[in-house]
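S.K.: Can you keep this structure in mind? I'll have questions shortly.
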Amino acid sequence: MVILNNRINHNIKCSDHRILVVDFGSQYTQLLLRRIRELGVYSEFFSWDVSESQIYSFNPSGIILSGGPHSVIDLNFPSIPEFVFQLGIPIFGICYGMQIMSQQLGGKVQHLTTQREFGCTKITLITESILTNDIYDYVDDITGHSVLDVWMSHGDIVTTVPPNFTVIGINKYQQVAVMANEDQRLYGVQFHPEVTHTKKGKNILERFIMCICSCKSSWKITNIIDNIIMDIRVKVGNDKVVLGFSGGIDSFVTALLLQRAIGNQFICIFIDNGLLLHREFDRIKNFCDKNYNLDIIYVSKEQLFLDALIGVIDPEEKRKIIGRIFTEVFEEQIRNLVPIQWLVQGTIYSDVIESGMSLSSFKNVIKSHHNVGCFSGIMNVKLLEPIRNLFKDEVRSIGLELGLPHSIVYRYPFPGPGLAIRILGEVKREYCDILRKVDFIFIEELKRDNLYYKISQAFAVFLPIHSVGVQGDQRKYESVVSLRAVETTDFMTARWVYLSYGFLNKVSNRIVNEVEGISRVVYDVSSKPPATIEWE
């Protein structure tokens, strides 16, 4: 047995304790990472075919095997590299992760045609285990056993646990729901502890990470800031840097981190692409001029972007065109500056994941982000992404720590492609103008009713359809807009917000009366998944 006991690569210097997630394509993998980081422990994920050298380099305190859409009954199913079980560190399998652990260690797995479980259910804990002791939702009055409310999503089940494993919990069909080999610190659960529907899921993850893996909370905001600043200084040295600045929380935090790390060695470039919100250009300029000593070059290229989008309907093509134009404008600006060695972007982890550039073999492109990958070859300038491994809520916490006002930190996210992906179909100037007015009314009313900060994100969408309406006894055949509001903690999953009929009625009346060209207003009641937060 090989024991991992040396920190071979301190790529995250502020976190000597860390958890590696081996990803089998689960839709919940990013959520799992967030749950681990919420405990103050750093986590990353690698694909199931991770190499031995990658694991040694990361040197985890424990490993979690994610769920996934596959079946161990199928041929060529993704498996766990055998050396993983020889590392001598705790391993925790979730759903498919438990099934593949069982299969490879000598247990048996069966495909279910009936008795499948999808959604909320209950499991009964029949044997004691370090993983679950004293963690339960209630005690069954008849059996005296502890019961957990959990979230299941599986079509296979472990029928025989591997040698030296014990059945810890069972489902309502008396099937294996929790198993453990306490001596080797190997554990498996059939449910998903990372989702909020598993009420004690965070407690179970905490038990595995903090107690079984002996991790300590060191992934803290102050440590993260210090580590990023040190990393910037080491990489950049005395080089000159240009930052793609949008005025959003990600680019603001990146700018302030650069300012702390290298002082006045960087210049910000803000591009007005004609796809911004109502008076956004003026708002950002006035705020920066008043509050921050940032060297910002403001570039207006509205016509260039709008001309390039003429006739374009496909959302991915729109995103790629915007990314290409951004690159061309940056190249043009950089030629006019002193020699620039680095281009810095405020890319965050969810941008990378949704663009399909994560390390997982199973990740698909959900949507391209103009700030992910597009600038990597620009004029041979090196790319630096200081907050690339952070989630949105972590970036916000850093923003507060760096002194950004609450109104900036918790302002709703705005996508890089701007209104181009909130206008379904072809983008036209008149559509942008209409959408800006509609969005402004919606946000203004949310603020008036003290709803703005209770909602994670809200915006309007211009739909490529017309609807018959009546105004002033005259028939109108005009455009339709949709309102969208969601609640989320990590922007990886989200649910639509229940806004009162009275509020929606007030907003709708204002829009159809104040915005020329709109005949109908609808409200989006789709959650993520299956929808994304943005429409395109």
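Naming works like this for the structure tokens: A, B, ... for the chains as they're shown, residue 1 at the start of each chain, ligands 1 onward in shown order.
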Hey, what's within 10 Å of Leu294 (chain A) if we count only C-alpha atoms and toss same-chain stuff fewer than 6 positions away? As a list in words, please?
M.R.: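 Residues meeting the cut-off are Ala255, Leu256, Gln259, Gly263, Asn264, Phe266, Ile267, Cys268 and Cys288 of chain A.
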S.K.: Selection from above, N, CA, C and O atoms, as a PDB file, in the first residue's frame, can you write it?
M.R.:
ATOM      1  N   ALA A 255      -9.720  43.247 -10.664  1.00  0.00           N
ATOM      2  CA  ALA A 255      -8.999  44.525 -10.706  1.00  0.00           C
ATOM      3  C   ALA A 255      -8.411  44.873  -9.343  1.00  0.00           C
ATOM      4  O   ALA A 255      -7.255  45.310  -9.241  1.00  0.00           O
ATOM      5  N   LEU A 256      -9.192  44.684  -8.277  1.00  0.00           N
ATOM      6  CA  LEU A 256      -8.698  45.027  -6.943  1.00  0.00           C
ATOM      7  C   LEU A 256      -7.602  44.074  -6.485  1.00  0.00           C
ATOM      8  O   LEU A 256      -6.667  44.482  -5.780  1.00  0.00           O
ATOM      9  N   GLN A 259      -4.566  45.267  -8.257  1.00  0.00           N
ATOM     10  CA  GLN A 259      -4.093  46.510  -7.655  1.00  0.00           C
ATOM     11  C   GLN A 259      -3.275  46.228  -6.396  1.00  0.00           C
ATOM     12  O   GLN A 259      -2.227  46.847  -6.157  1.00  0.00           O
ATOM     13  N   GLY A 263       0.163  46.890  -7.998  1.00  0.00           N
ATOM     14  CA  GLY A 263       0.045  48.346  -8.029  1.00  0.00           C
ATOM     15  C   GLY A 263      -0.478  48.874  -9.349  1.00  0.00           C
ATOM     16  O   GLY A 263      -1.527  48.468  -9.840  1.00  0.00           O
ATOM     17  N   ASN A 264       0.288  49.795  -9.959  1.00  0.00           N
ATOM     18  CA  ASN A 264      -0.157  50.465 -11.191  1.00  0.00           C
ATOM     19  C   ASN A 264       0.422  49.828 -12.449  1.00  0.00           C
ATOM     20  O   ASN A 264       0.500  50.482 -13.491  1.00  0.00           O
ATOM     21  N   PHE A 266      -0.977  47.728 -14.296  1.00  0.00           N
ATOM     22  CA  PHE A 266      -2.017  47.212 -15.190  1.00  0.00           C
ATOM     23  C   PHE A 266      -2.954  48.321 -15.649  1.00  0.00           C
ATOM     24  O   PHE A 266      -3.125  49.347 -14.992  1.00  0.00           O
ATOM     25  N   ILE A 267      -3.544  48.087 -16.817  1.00  0.00           N
ATOM     26  CA  ILE A 267      -4.520  48.982 -17.422  1.00  0.00           C
ATOM     27  C   ILE A 267      -5.793  48.189 -17.688  1.00  0.00           C
ATOM     28  O   ILE A 267      -5.740  47.037 -18.125  1.00  0.00           O
ATOM     29  N   CYS A 268      -6.938  48.801 -17.410  1.00  0.00           N
ATOM     30  CA  CYS A 268      -8.225  48.167 -17.697  1.00  0.00           C
ATOM     31  C   CYS A 268      -8.758  48.654 -19.048  1.00  0.00           C
ATOM     32  O   CYS A 268      -8.606  49.832 -19.389  1.00  0.00           O
ATOM     33  N   CYS A 288     -16.468  54.238 -11.035  1.00  0.00           N
ATOM     34  CA  CYS A 288     -15.018  54.022 -10.973  1.00  0.00           C
ATOM     35  C   CYS A 288     -14.267  55.340 -10.778  1.00  0.00           C
ATOM     36  O   CYS A 288     -13.318  55.416  -9.992  1.00  0.00           O
TER      37      CYS A 288
END
S.K.: Can you tell me which residues surround Val312 (chain A) at a distance of at most 8 Å, considering only C-alpha atoms, apart from same-chain residues fewer than 5 positions away, and format the answer as a list in words?
M.R.: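 So the residues in contact are Glu317, Lys318, Gly425, Glu426 and Val427 of chain A.
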S.K.: List as a PyMOL selection string the protein and nucleic acid residues near His17 (chain A), meaning an atom at most 7 Å away when only C-alpha atoms are counted, but skip any in the same chain fewer than 5 places from it.
M.R.: chain A and resi 41-42+61+215-216
S.K.: Tell me which protein, DNA and RNA residues are within 12 Å of Val299 (chain A), counting only C-alpha atoms, leaving out same-chain ones fewer than 5 positions away, and put them as an MDAnalysis selection string.
M.R.: chainID A and resid 244:246 268:274 281 285 304 326 329:330 332:333
S.K.: Using only C-alpha atoms, please write the residues we just selected to a file, as a compact mmCIF listing (two decimals), in the first residue's frame.
M.R.:
# COMPACT_ATOMS: atom_id res chain seq x y z
CA GLY A 244 -10.61 43.00 -19.68
CA PHE A 245 -12.95 45.04 -17.47
CA SER A 246 -16.76 44.84 -17.59
CA CYS A 268 -8.23 48.17 -17.70
CA ILE A 269 -10.04 48.10 -21.02
CA PHE A 270 -13.81 48.52 -20.95
CA ILE A 271 -15.58 47.87 -24.26
CA ASP A 272 -19.06 49.23 -24.92
CA ASN A 273 -20.46 46.65 -27.34
CA GLY A 274 -23.90 48.21 -27.60
CA PHE A 281 -21.58 52.64 -19.61
CA LYS A 285 -17.54 55.13 -15.53
CA LEU A 304 -19.02 47.06 -34.93
CA PHE A 326 -13.77 41.29 -28.39
CA VAL A 329 -10.77 45.08 -30.29
CA PHE A 330 -8.37 44.03 -27.54
CA GLU A 332 -6.20 46.83 -31.55
CA GLN A 333 -6.00 48.48 -28.14
S.K.: As a list of chain:residue names, please: every residue in region 184-289 of chain A that a backbone DSSP assignment puts in strand (DSSP E or B).
M.R.: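 Of region 184-289 of chain A, only A:Leu186, A:Tyr187, A:Gly188, A:Val189, A:Val241, A:Val242, A:Leu243, A:Gly244, A:Phe266, A:Ile267, A:Cys268, A:Ile269, A:Phe270, A:Ile271, A:Asp272 fall in strand (DSSP E or B).
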S.K.: What does the file look like for those residues with N, CA, C and O atoms, as a PDB file, in the first residue's frame?
M.R.:
ATOM      1  N   LEU A 186     -13.513   2.977   3.622  1.00  0.00           N
ATOM      2  CA  LEU A 186     -14.207   3.008   2.341  1.00  0.00           C
ATOM      3  C   LEU A 186     -15.711   3.044   2.604  1.00  0.00           C
ATOM      4  O   LEU A 186     -16.232   2.211   3.363  1.00  0.00           O
ATOM      5  N   TYR A 187     -16.403   3.985   1.978  1.00  0.00           N
ATOM      6  CA  TYR A 187     -17.813   4.192   2.260  1.00  0.00           C
ATOM      7  C   TYR A 187     -18.577   4.410   0.961  1.00  0.00           C
ATOM      8  O   TYR A 187     -18.043   4.941  -0.016  1.00  0.00           O
ATOM      9  N   GLY A 188     -19.850   4.028   0.966  1.00  0.00           N
ATOM     10  CA  GLY A 188     -20.688   4.258  -0.209  1.00  0.00           C
ATOM     11  C   GLY A 188     -22.116   4.549   0.199  1.00  0.00           C
ATOM     12  O   GLY A 188     -22.634   3.951   1.146  1.00  0.00           O
ATOM     13  N   VAL A 189     -22.752   5.487  -0.517  1.00  0.00           N
ATOM     14  CA  VAL A 189     -24.169   5.781  -0.293  1.00  0.00           C
ATOM     15  C   VAL A 189     -24.873   5.792  -1.646  1.00  0.00           C
ATOM     16  O   VAL A 189     -24.317   6.252  -2.643  1.00  0.00           O
ATOM     17  N   VAL A 241       0.451  44.652 -17.630  1.00  0.00           N
ATOM     18  CA  VAL A 241      -0.742  43.813 -17.689  1.00  0.00           C
ATOM     19  C   VAL A 241      -1.923  44.639 -18.186  1.00  0.00           C
ATOM     20  O   VAL A 241      -2.053  45.820 -17.866  1.00  0.00           O
ATOM     21  N   VAL A 242      -2.814  43.987 -18.983  1.00  0.00           N
ATOM     22  CA  VAL A 242      -4.066  44.616 -19.355  1.00  0.00           C
ATOM     23  C   VAL A 242      -5.212  43.716 -18.887  1.00  0.00           C
ATOM     24  O   VAL A 242      -5.134  42.489 -18.983  1.00  0.00           O
ATOM     25  N   LEU A 243      -6.247  44.322 -18.319  1.00  0.00           N
ATOM     26  CA  LEU A 243      -7.384  43.587 -17.790  1.00  0.00           C
ATOM     27  C   LEU A 243      -8.632  43.890 -18.606  1.00  0.00           C
ATOM     28  O   LEU A 243      -8.971  45.054 -18.829  1.00  0.00           O
ATOM     29  N   GLY A 244      -9.311  42.829 -19.045  1.00  0.00           N
ATOM     30  CA  GLY A 244     -10.611  42.999 -19.679  1.00  0.00           C
ATOM     31  C   GLY A 244     -11.643  43.302 -18.611  1.00  0.00           C
ATOM     32  O   GLY A 244     -11.992  42.430 -17.811  1.00  0.00           O
ATOM     33  N   PHE A 266      -0.977  47.728 -14.296  1.00  0.00           N
ATOM     34  CA  PHE A 266      -2.017  47.212 -15.190  1.00  0.00           C
ATOM     35  C   PHE A 266      -2.954  48.321 -15.649  1.00  0.00           C
ATOM     36  O   PHE A 266      -3.125  49.347 -14.992  1.00  0.00           O
ATOM     37  N   ILE A 267      -3.544  48.087 -16.817  1.00  0.00           N
ATOM     38  CA  ILE A 267      -4.520  48.982 -17.422  1.00  0.00           C
ATOM     39  C   ILE A 267      -5.793  48.189 -17.688  1.00  0.00           C
ATOM     40  O   ILE A 267      -5.740  47.037 -18.125  1.00  0.00           O
ATOM     41  N   CYS A 268      -6.938  48.801 -17.410  1.00  0.00           N
ATOM     42  CA  CYS A 268      -8.225  48.167 -17.697  1.00  0.00           C
ATOM     43  C   CYS A 268      -8.758  48.654 -19.048  1.00  0.00           C
ATOM     44  O   CYS A 268      -8.606  49.832 -19.389  1.00  0.00           O
ATOM     45  N   ILE A 269      -9.356  47.742 -19.779  1.00  0.00           N
ATOM     46  CA  ILE A 269     -10.040  48.105 -21.021  1.00  0.00           C
ATOM     47  C   ILE A 269     -11.502  47.729 -20.904  1.00  0.00           C
ATOM     48  O   ILE A 269     -11.843  46.563 -20.678  1.00  0.00           O
ATOM     49  N   PHE A 270     -12.368  48.735 -21.007  1.00  0.00           N
ATOM     50  CA  PHE A 270     -13.812  48.524 -20.955  1.00  0.00           C
ATOM     51  C   PHE A 270     -14.379  48.770 -22.348  1.00  0.00           C
ATOM     52  O   PHE A 270     -14.208  49.850 -22.917  1.00  0.00           O
ATOM     53  N   ILE A 271     -15.044  47.771 -22.906  1.00  0.00           N
ATOM     54  CA  ILE A 271     -15.584  47.869 -24.262  1.00  0.00           C
ATOM     55  C   ILE A 271     -17.101  47.990 -24.210  1.00  0.00           C
ATOM     56  O   ILE A 271     -17.786  47.121 -23.662  1.00  0.00           O
ATOM     57  N   ASP A 272     -17.623  49.072 -24.765  1.00  0.00           N
ATOM     58  CA  ASP A 272     -19.063  49.228 -24.918  1.00  0.00           C
ATOM     59  C   ASP A 272     -19.454  48.572 -26.239  1.00  0.00           C
ATOM     60  O   ASP A 272     -19.173  49.086 -27.316  1.00  0.00           O
TER      61      ASP A 272
END
S.K.: Given the choices A:Gly502, A:Ala177, A:Ile441, A:Arg185, which gets closest to Gln86 (chain A) if the distance is worked out from only C-alpha atoms?
M.R.: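 Closest residue, counting only C-alpha atoms: A:Arg185.
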S.K.: Pick the closest to Gln99 (chain A) from A:Phe85, A:Tyr431, A:Trp219, A:Phe191: which is it, counting only C-alpha atoms?
M.R.: A:Phe191
S.K.: So the first atom is CA of Lys290 (chain A) and the second is CA of Thr222 (chain A); what is the distance between them in Å, to one decimal place?
M.R.: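 Here the two named atoms are 26.5 Å from each other.
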S.K.: Rounded to one decimal, what separation in Å do you get between CA of Asp439 (chain A) and CA of Ile284 (chain A)?
M.R.: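 Atom-to-atom, CA of Asp439 (chain A) and CA of Ile284 (chain A) are spaced 17.5 Å apart.
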S.K.: For the structure I just gave you, how does DSSP split region 24-128 of chain A - specifically, which residues are helix (DSSP H, G or I)? Reply as a PyMOL selection string.
M.R.: chain A and resi 29-38+52-58+82-86+96-104
S.K.: Keeping only N, CA, C and O atoms, write the selected residues to a file as a CSV table (one decimal), in the first residue's frame.
M.R.:
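result_26.csv, freshly written:
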chain,number,residue,atom,x,y,z
A,29,THR,N,-21.9,17.3,-9.8
A,29,THR,CA,-20.5,17.3,-9.4
A,29,THR,C,-20.1,18.7,-8.9
A,29,THR,O,-19.4,18.9,-7.9
A,30,GLN,N,-20.5,19.7,-9.7
A,30,GLN,CA,-20.2,21.1,-9.3
A,30,GLN,C,-20.8,21.5,-7.9
A,30,GLN,O,-20.2,22.2,-7.1
A,31,LEU,N,-22.0,21.0,-7.7
A,31,LEU,CA,-22.7,21.2,-6.5
A,31,LEU,C,-21.9,20.5,-5.3
A,31,LEU,O,-21.8,21.1,-4.2
A,32,LEU,N,-21.4,19.4,-5.6
A,32,LEU,CA,-20.7,18.6,-4.6
A,32,LEU,C,-19.4,19.4,-4.2
A,32,LEU,O,-19.0,19.5,-3.0
A,33,LEU,N,-18.7,20.0,-5.2
A,33,LEU,CA,-17.5,20.8,-4.9
A,33,LEU,C,-17.9,22.0,-4.0
A,33,LEU,O,-17.2,22.3,-3.1
A,34,ARG,N,-19.0,22.6,-4.3
A,34,ARG,CA,-19.5,23.8,-3.5
A,34,ARG,C,-19.7,23.3,-2.0
A,34,ARG,O,-19.3,24.0,-1.1
A,35,ARG,N,-20.3,22.2,-1.9
A,35,ARG,CA,-20.6,21.7,-0.5
A,35,ARG,C,-19.3,21.5,0.3
A,35,ARG,O,-19.3,21.8,1.5
A,36,ILE,N,-18.3,20.9,-0.4
A,36,ILE,CA,-17.1,20.7,0.3
A,36,ILE,C,-16.4,22.0,0.6
A,36,ILE,O,-15.9,22.2,1.8
A,37,ARG,N,-16.4,22.9,-0.3
A,37,ARG,CA,-15.7,24.2,0.0
A,37,ARG,C,-16.4,25.0,1.1
A,37,ARG,O,-15.8,25.8,1.8
A,38,GLU,N,-17.8,24.8,1.2
A,38,GLU,CA,-18.5,25.5,2.2
A,38,GLU,C,-18.0,25.0,3.6
A,38,GLU,O,-18.2,25.7,4.6
A,52,GLU,N,-2.3,8.6,-12.3
A,52,GLU,CA,-1.7,8.4,-11.0
A,52,GLU,C,-0.9,9.7,-10.7
A,52,GLU,O,-0.9,10.1,-9.5
A,53,SER,N,-0.2,10.2,-11.6
A,53,SER,CA,0.7,11.4,-11.4
A,53,SER,C,-0.2,12.6,-11.0
A,53,SER,O,0.2,13.4,-10.2
A,54,GLN,N,-1.4,12.7,-11.6
A,54,GLN,CA,-2.3,13.8,-11.3
A,54,GLN,C,-2.7,13.7,-9.8
A,54,GLN,O,-2.8,14.7,-9.1
A,55,ILE,N,-3.1,12.5,-9.4
A,55,ILE,CA,-3.5,12.4,-8.0
A,55,ILE,C,-2.4,12.6,-7.0
A,55,ILE,O,-2.5,13.3,-6.0
A,56,TYR,N,-1.2,12.1,-7.4
A,56,TYR,CA,0.0,12.4,-6.5
A,56,TYR,C,0.3,13.9,-6.4
A,56,TYR,O,0.6,14.4,-5.4
A,57,SER,N,0.1,14.6,-7.5
A,57,SER,CA,0.4,16.0,-7.5
A,57,SER,C,-0.6,16.8,-6.7
A,57,SER,O,-0.3,17.7,-5.9
A,58,PHE,N,-1.9,16.4,-6.8
A,58,PHE,CA,-3.0,17.0,-6.0
A,58,PHE,C,-2.9,16.6,-4.5
A,58,PHE,O,-3.1,17.4,-3.6
A,82,GLU,N,-7.3,1.3,-10.6
A,82,GLU,CA,-7.1,0.4,-9.5
A,82,GLU,C,-6.2,1.0,-8.4
A,82,GLU,O,-6.3,0.7,-7.2
A,83,PHE,N,-5.2,1.8,-8.8
A,83,PHE,CA,-4.3,2.3,-7.8
A,83,PHE,C,-5.0,3.2,-6.8
A,83,PHE,O,-4.4,3.4,-5.7
A,84,VAL,N,-6.1,3.7,-7.1
A,84,VAL,CA,-6.9,4.6,-6.2
A,84,VAL,C,-7.1,3.9,-4.9
A,84,VAL,O,-7.0,4.4,-3.8
A,85,PHE,N,-7.4,2.6,-5.0
A,85,PHE,CA,-7.7,1.8,-3.7
A,85,PHE,C,-6.5,1.4,-3.0
A,85,PHE,O,-6.6,0.8,-1.9
A,86,GLN,N,-5.3,1.7,-3.5
A,86,GLN,CA,-4.0,1.4,-2.9
A,86,GLN,C,-3.4,2.6,-2.2
A,86,GLN,O,-2.3,2.5,-1.7
A,96,TYR,N,-23.5,6.2,-8.4
A,96,TYR,CA,-22.7,5.4,-9.3
A,96,TYR,C,-21.3,5.2,-8.7
A,96,TYR,O,-20.7,4.1,-8.9
A,97,GLY,N,-20.8,6.1,-7.9
A,97,GLY,CA,-19.6,6.0,-7.3
A,97,GLY,C,-19.6,4.8,-6.3
A,97,GLY,O,-18.6,4.1,-6.2
A,98,MET,N,-20.7,4.6,-5.6
A,98,MET,CA,-20.8,3.4,-4.7
A,98,MET,C,-20.9,2.1,-5.5
A,98,MET,O,-20.3,1.1,-5.2
A,99,GLN,N,-21.7,2.2,-6.6
A,99,GLN,CA,-21.9,1.0,-7.4
A,99,GLN,C,-20.6,0.5,-8.1
A,99,GLN,O,-20.3,-0.7,-8.1
A,100,ILE,N,-19.8,1.4,-8.6
A,100,ILE,CA,-18.5,1.0,-9.2
A,100,ILE,C,-17.5,0.6,-8.2
A,100,ILE,O,-16.7,-0.3,-8.4
A,101,MET,N,-17.6,1.2,-7.0
A,101,MET,CA,-16.7,0.7,-5.9
A,101,MET,C,-17.1,-0.7,-5.5
A,101,MET,O,-16.2,-1.6,-5.4
A,102,SER,N,-18.3,-1.0,-5.4
A,102,SER,CA,-18.8,-2.3,-5.1
A,102,SER,C,-18.4,-3.3,-6.2
A,102,SER,O,-17.8,-4.4,-5.9
A,103,GLN,N,-18.6,-3.0,-7.4
A,103,GLN,CA,-18.3,-3.9,-8.5
A,103,GLN,C,-16.8,-4.2,-8.6
A,103,GLN,O,-16.5,-5.4,-8.8
A,104,GLN,N,-16.0,-3.2,-8.4
A,104,GLN,CA,-14.5,-3.4,-8.6
A,104,GLN,C,-13.9,-4.1,-7.4
A,104,GLN,O,-12.8,-4.7,-7.5
S.K.: Find the residue from A:Gln341, A:Tyr136, A:Phe305, A:Thr159 that sits nearest to Gly237 (chain A); use only C-alpha atoms when measuring.
M.R.: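 The closest residue to Gly237 (chain A) is A:Gln341.
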S.K.: Between A:Asp393, A:Glu487, A:Asp140, A:Asp314, which residue has the minimum interatomic distance to Ile221 (chain A), considering only C-alpha atoms?
M.R.: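 Of all the options, A:Asp393 lies closest to Ile221 (chain A).
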S.K.: What is the CA of Ser79 (chain A)-CA of Ser214 (chain A) distance in Å, reported with one decimal?
M.R.: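 For CA of Ser79 (chain A) relative to CA of Ser214 (chain A), the distance reads 26.6 Å.
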S.K.: Near Trp535 (chain A), counting only C-alpha atoms, which residues have an atom at most 8 Å away, once you skip same-chain residues fewer than 2 positions from it, shown as a PDB file with C-alpha atoms, in the first residue's frame?
M.R.:
ATOM      1  CA  ILE A 421     -28.319  36.303 -25.495  1.00  0.00           C
ATOM      2  CA  ARG A 422     -31.401  37.905 -23.958  1.00  0.00           C
ATOM      3  CA  LEU A 424     -33.801  35.423 -28.961  1.00  0.00           C
ATOM      4  CA  VAL A 461     -35.904  38.498 -22.387  1.00  0.00           C
ATOM      5  CA  ALA A 531     -33.398  25.058 -18.082  1.00  0.00           C
ATOM      6  CA  THR A 532     -30.369  27.321 -17.765  1.00  0.00           C
ATOM      7  CA  ILE A 533     -30.687  30.671 -16.022  1.00  0.00           C
TER       8      ILE A 533
END
